[in-house]
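First up is the structure itself, then whatever we jot down about it.
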Amino acid sequence: MGRAGVVTRFSLRLNNDLTVRQFTELAAAAEDAGFDQVWVSHDLFLRSAPVLVAAAAAATRSVQLGIGIMNPFSAHPAELAMHAATLQELSRGRFLLGLGAGAEDFLGWAGLARPRPLAAAREAVLSCRALLQRSRPAADSRVSGGWRPEARLRFDGPPVPVYLGAMGPRMLALGGEIADGVLGLSFPPERAAASAAIVRDAALAAGRDPDAVDVPACFWCSVDDDPERAAAYLADKLAYYGPSLSADQLKDVGLTPDEFIPAARALDRGDVSTARALITADMLRLGIAGDAAAIVERARGLAGGGATHLSFGPPLGPDPVSAVVRLGREVLPALRGS
C-alpha cells in the first residue's frame, strides 16, 4: 500500500476476448506508456490467458504480466501452479498469478458448480503457493481430494506472487490474510478505499505487514475525446458483466444485478444500440468514462482516498491502443506521485 495518497504503481487490465496480436500490441504499448503491470482475464469460452501471456512475454521486456483470475473449479491447482511456474520461467521473473473463486454465472455455462467458494479460494492460494515454492501442499485438501507426498513441481524456479481476486468483504479479508496482492474490482471506483481498509485490517490481524500486500484500486475506464462515445463503450462492458456483479457492492449505489439483465439480453442478441440505451447514468458511474481530464479528475480522488496503485480496466475506449498511449501521455504523468 505504501504512503497514503501517493500513487507509485499503475497497471492495465485487459480481457481475453482480444486476439493474440491485439493483446501483445496492447501489452507492448502499455510497457512503453509507463505501466508497471498488465493483467488479462481468463473468462471461460474466450482465449486462453496463459497463451496470451506467453505471447506478451516474448513481445515485452520489463512490464509484469498477470492473469486475473484463474479458479480451482475449471482447472486443478496442480495445473494452475504448472502454468504459473512455466510462465515465470518464460517471462524471466515477470509473471503474477491471480486466483479466485470465479464467477458463478460463467462457471455455470460449463456446468461447473462452485461449492464453498471462500474455502476453495483459500486452499487454491495456499496449495499453489506451496507448489510454486517447491514444497508440498497440505494433505487435507477439499479442492484436490488430498495431496499425496509425490505432489510437487519437478523443476526449479523462482516463486510467483499470488494475488486473490475479491469483491465481497470475506474474500477481501482472506486476501489480506494470505495473498501477496488483492485484485478487488470497485463499483463505483470510490469504493476502493473501503475495500483496501478491509484488506489492511485482515493483514494486521494475521500478523502481516499490510504495506507488503499490493491492493490496486481496480476500476473500468473508457477514454475518448468524445465523452458520449467513451460512455457507449463503457455501457457495452456493463451490459455484458452487469448481471454477474456483486450484489453487496451494487446495493450501496442503489442498483441490483437483475437491473442489468435487459441490457445483457439485448447485447446477447446483437442489439448493441438497445443494450447501450438500457445502461443508465447511475450504472455508468460504476466506471470512469470521458476525456483524459475527466479520467484524471476522478482517479485523483482515488489517490486522495489512499490508493497507491491505480489499475485501469477495459473497455479503455473505441481505439484501445490509442487509449493506452493517451493514458500514458496525459493521465499517468498527472497522477504519478499525486
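Residue names in the C-alpha cells use chain letters A, B, ... in the order shown, residue numbers from 1 in each chain, and ligand numbers from 1 in the order shown.
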Do a neighbour search on A:Glu104 at 12 Å with only C-alpha atoms, toss out local chain neighbours closer than 3 positions, and write the hits as a JSON list (two decimals) with N, CA and C atoms, in the first residue's frame.
[["chain", "number", "residue", "atom", "x", "y", "z"],
["A", 43, "ASP", "N", -11.65, -15.51, -18.60],
["A", 43, "ASP", "CA", -13.06, -15.87, -18.64],
["A", 43, "ASP", "C", -13.26, -17.08, -19.55],
["A", 44, "LEU", "N", -14.15, -17.98, -19.14],
["A", 44, "LEU", "CA", -14.40, -19.19, -19.92],
["A", 44, "LEU", "C", -14.95, -18.87, -21.30],
["A", 71, "ASN", "N", -9.30, -20.07, -11.56],
["A", 71, "ASN", "CA", -10.05, -20.61, -10.43],
["A", 71, "ASN", "C", -9.83, -22.11, -10.30],
["A", 73, "PHE", "N", -12.01, -24.46, -9.90],
["A", 73, "PHE", "CA", -13.13, -25.29, -10.33],
["A", 73, "PHE", "C", -13.00, -25.72, -11.79],
["A", 74, "SER", "N", -12.49, -24.85, -12.63],
["A", 74, "SER", "CA", -12.30, -25.21, -14.04],
["A", 74, "SER", "C", -10.89, -25.70, -14.32],
["A", 100, "GLY", "N", -8.93, -16.99, -7.71],
["A", 100, "GLY", "CA", -10.18, -16.60, -7.08],
["A", 100, "GLY", "C", -11.19, -17.72, -7.20],
["A", 101, "ALA", "N", -12.41, -17.45, -6.77],
["A", 101, "ALA", "CA", -13.46, -18.46, -6.82],
["A", 101, "ALA", "C", -14.13, -18.51, -8.18],
["A", 107, "LEU", "N", -19.15, -20.00, -14.71],
["A", 107, "LEU", "CA", -18.86, -21.40, -14.45],
["A", 107, "LEU", "C", -20.08, -22.26, -14.77],
["A", 108, "GLY", "N", -21.26, -21.71, -14.51],
["A", 108, "GLY", "CA", -22.49, -22.43, -14.80],
["A", 108, "GLY", "C", -22.66, -22.72, -16.28],
["A", 109, "TRP", "N", -22.12, -21.87, -17.15],
["A", 109, "TRP", "CA", -22.19, -22.13, -18.58],
["A", 109, "TRP", "C", -21.55, -23.47, -18.94],
["A", 110, "ALA", "N", -20.54, -23.85, -18.17],
["A", 110, "ALA", "CA", -19.83, -25.10, -18.43],
["A", 110, "ALA", "C", -20.35, -26.24, -17.55],
["A", 111, "GLY", "N", -21.44, -25.98, -16.82],
["A", 111, "GLY", "CA", -21.99, -27.00, -15.96],
["A", 111, "GLY", "C", -21.17, -27.24, -14.71],
["A", 112, "LEU", "N", -20.36, -26.24, -14.31],
["A", 112, "LEU", "CA", -19.48, -26.38, -13.16],
["A", 112, "LEU", "C", -20.13, -25.75, -11.93],
["A", 113, "ALA", "N", -20.21, -26.51, -10.87],
["A", 113, "ALA", "CA", -20.70, -25.98, -9.59],
["A", 113, "ALA", "C", -19.57, -25.22, -8.89],
["A", 114, "ARG", "N", -19.94, -24.39, -7.93],
["A", 114, "ARG", "CA", -18.94, -23.61, -7.19],
["A", 114, "ARG", "C", -19.23, -23.72, -5.68],
["A", 115, "PRO", "N", -19.05, -24.93, -5.11],
["A", 115, "PRO", "CA", -19.33, -25.09, -3.68],
["A", 115, "PRO", "C", -18.24, -24.44, -2.83],
["A", 116, "ARG", "N", -18.65, -23.91, -1.69],
["A", 116, "ARG", "CA", -17.73, -23.36, -0.70],
["A", 116, "ARG", "C", -16.65, -22.48, -1.36],
["A", 117, "PRO", "N", -17.05, -21.39, -2.02],
["A", 117, "PRO", "CA", -16.08, -20.59, -2.78],
["A", 117, "PRO", "C", -14.96, -20.00, -1.92],
["A", 243, "PRO", "N", -25.04, -8.47, -14.88],
["A", 243, "PRO", "CA", -25.77, -9.47, -14.09],
["A", 243, "PRO", "C", -24.88, -10.29, -13.16],
["A", 244, "SER", "N", -23.56, -10.33, -13.41],
["A", 244, "SER", "CA", -22.67, -11.13, -12.56],
["A", 244, "SER", "C", -21.94, -10.29, -11.52],
["A", 245, "LEU", "N", -22.25, -8.99, -11.44],
["A", 245, "LEU", "CA", -21.59, -8.14, -10.45],
["A", 245, "LEU", "C", -22.08, -8.47, -9.04],
["A", 246, "SER", "N", -21.28, -8.07, -8.07],
["A", 246, "SER", "CA", -21.57, -8.37, -6.67],
["A", 246, "SER", "C", -22.77, -7.54, -6.17]]
Self-check item: Residue list (helix (DSSP H, G or I), DSSP) for stretch 5-74 of chain A, as a ChimeraX atom specification
Solution: /A:20-33,49-59
Exercise. Name the residues of stretch 93-308 of chain A that come out as strand (DSSP E) in a backbone DSSP run; write them as a PyMOL selection string.
Key: chain A and resi 95-99+162-165+181-185+217-223+288-290
For the residues in that selection, give me C-alpha atoms as an mmCIF file, in the first residue's frame.
data_model
loop_
_atom_site.group_PDB
_atom_site.id
_atom_site.type_symbol
_atom_site.label_atom_id
_atom_site.label_comp_id
_atom_site.auth_asym_id
_atom_site.auth_seq_id
_atom_site.Cartn_x
_atom_site.Cartn_y
_atom_site.Cartn_z
ATOM 1 C CA PHE A 95 4.656 -13.299 -14.025
ATOM 2 C CA LEU A 96 1.864 -12.718 -11.469
ATOM 3 C CA LEU A 97 -0.799 -15.326 -10.703
ATOM 4 C CA GLY A 98 -4.313 -14.177 -9.875
ATOM 5 C CA LEU A 99 -6.597 -16.757 -8.246
ATOM 6 C CA VAL A 162 -0.128 -14.882 -5.835
ATOM 7 C CA TYR A 163 -2.987 -12.366 -5.916
ATOM 8 C CA LEU A 164 -6.551 -13.070 -4.857
ATOM 9 C CA GLY A 165 -9.483 -11.795 -6.889
ATOM 10 C CA GLY A 181 -1.952 -8.878 -3.501
ATOM 11 C CA VAL A 182 -5.704 -8.423 -3.841
ATOM 12 C CA LEU A 183 -7.498 -7.650 -7.102
ATOM 13 C CA GLY A 184 -10.748 -6.123 -5.923
ATOM 14 C CA LEU A 185 -12.947 -4.502 -8.562
ATOM 15 C CA ALA A 217 -7.725 0.280 -6.926
ATOM 16 C CA CYS A 218 -9.279 -1.589 -9.861
ATOM 17 C CA PHE A 219 -11.864 0.198 -11.991
ATOM 18 C CA TRP A 220 -13.286 0.162 -15.505
ATOM 19 C CA CYS A 221 -12.193 3.051 -17.677
ATOM 20 C CA SER A 222 -13.122 4.351 -21.141
ATOM 21 C CA VAL A 223 -11.245 7.337 -22.539
ATOM 22 C CA ILE A 288 -14.985 6.118 -15.346
ATOM 23 C CA ALA A 289 -15.673 7.431 -18.845
ATOM 24 C CA GLY A 290 -14.695 10.653 -20.585
#
Quiz item: Quick one, how far is atom CA of A:Gly328 from atom CA of A:Ala292?
Solution: 10.3 Å
Quiz item: Interatomic distance between atom CA of A:Ala81 and atom CA of A:Arg170?
Solution: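 A separation of 24.1 Å between them.
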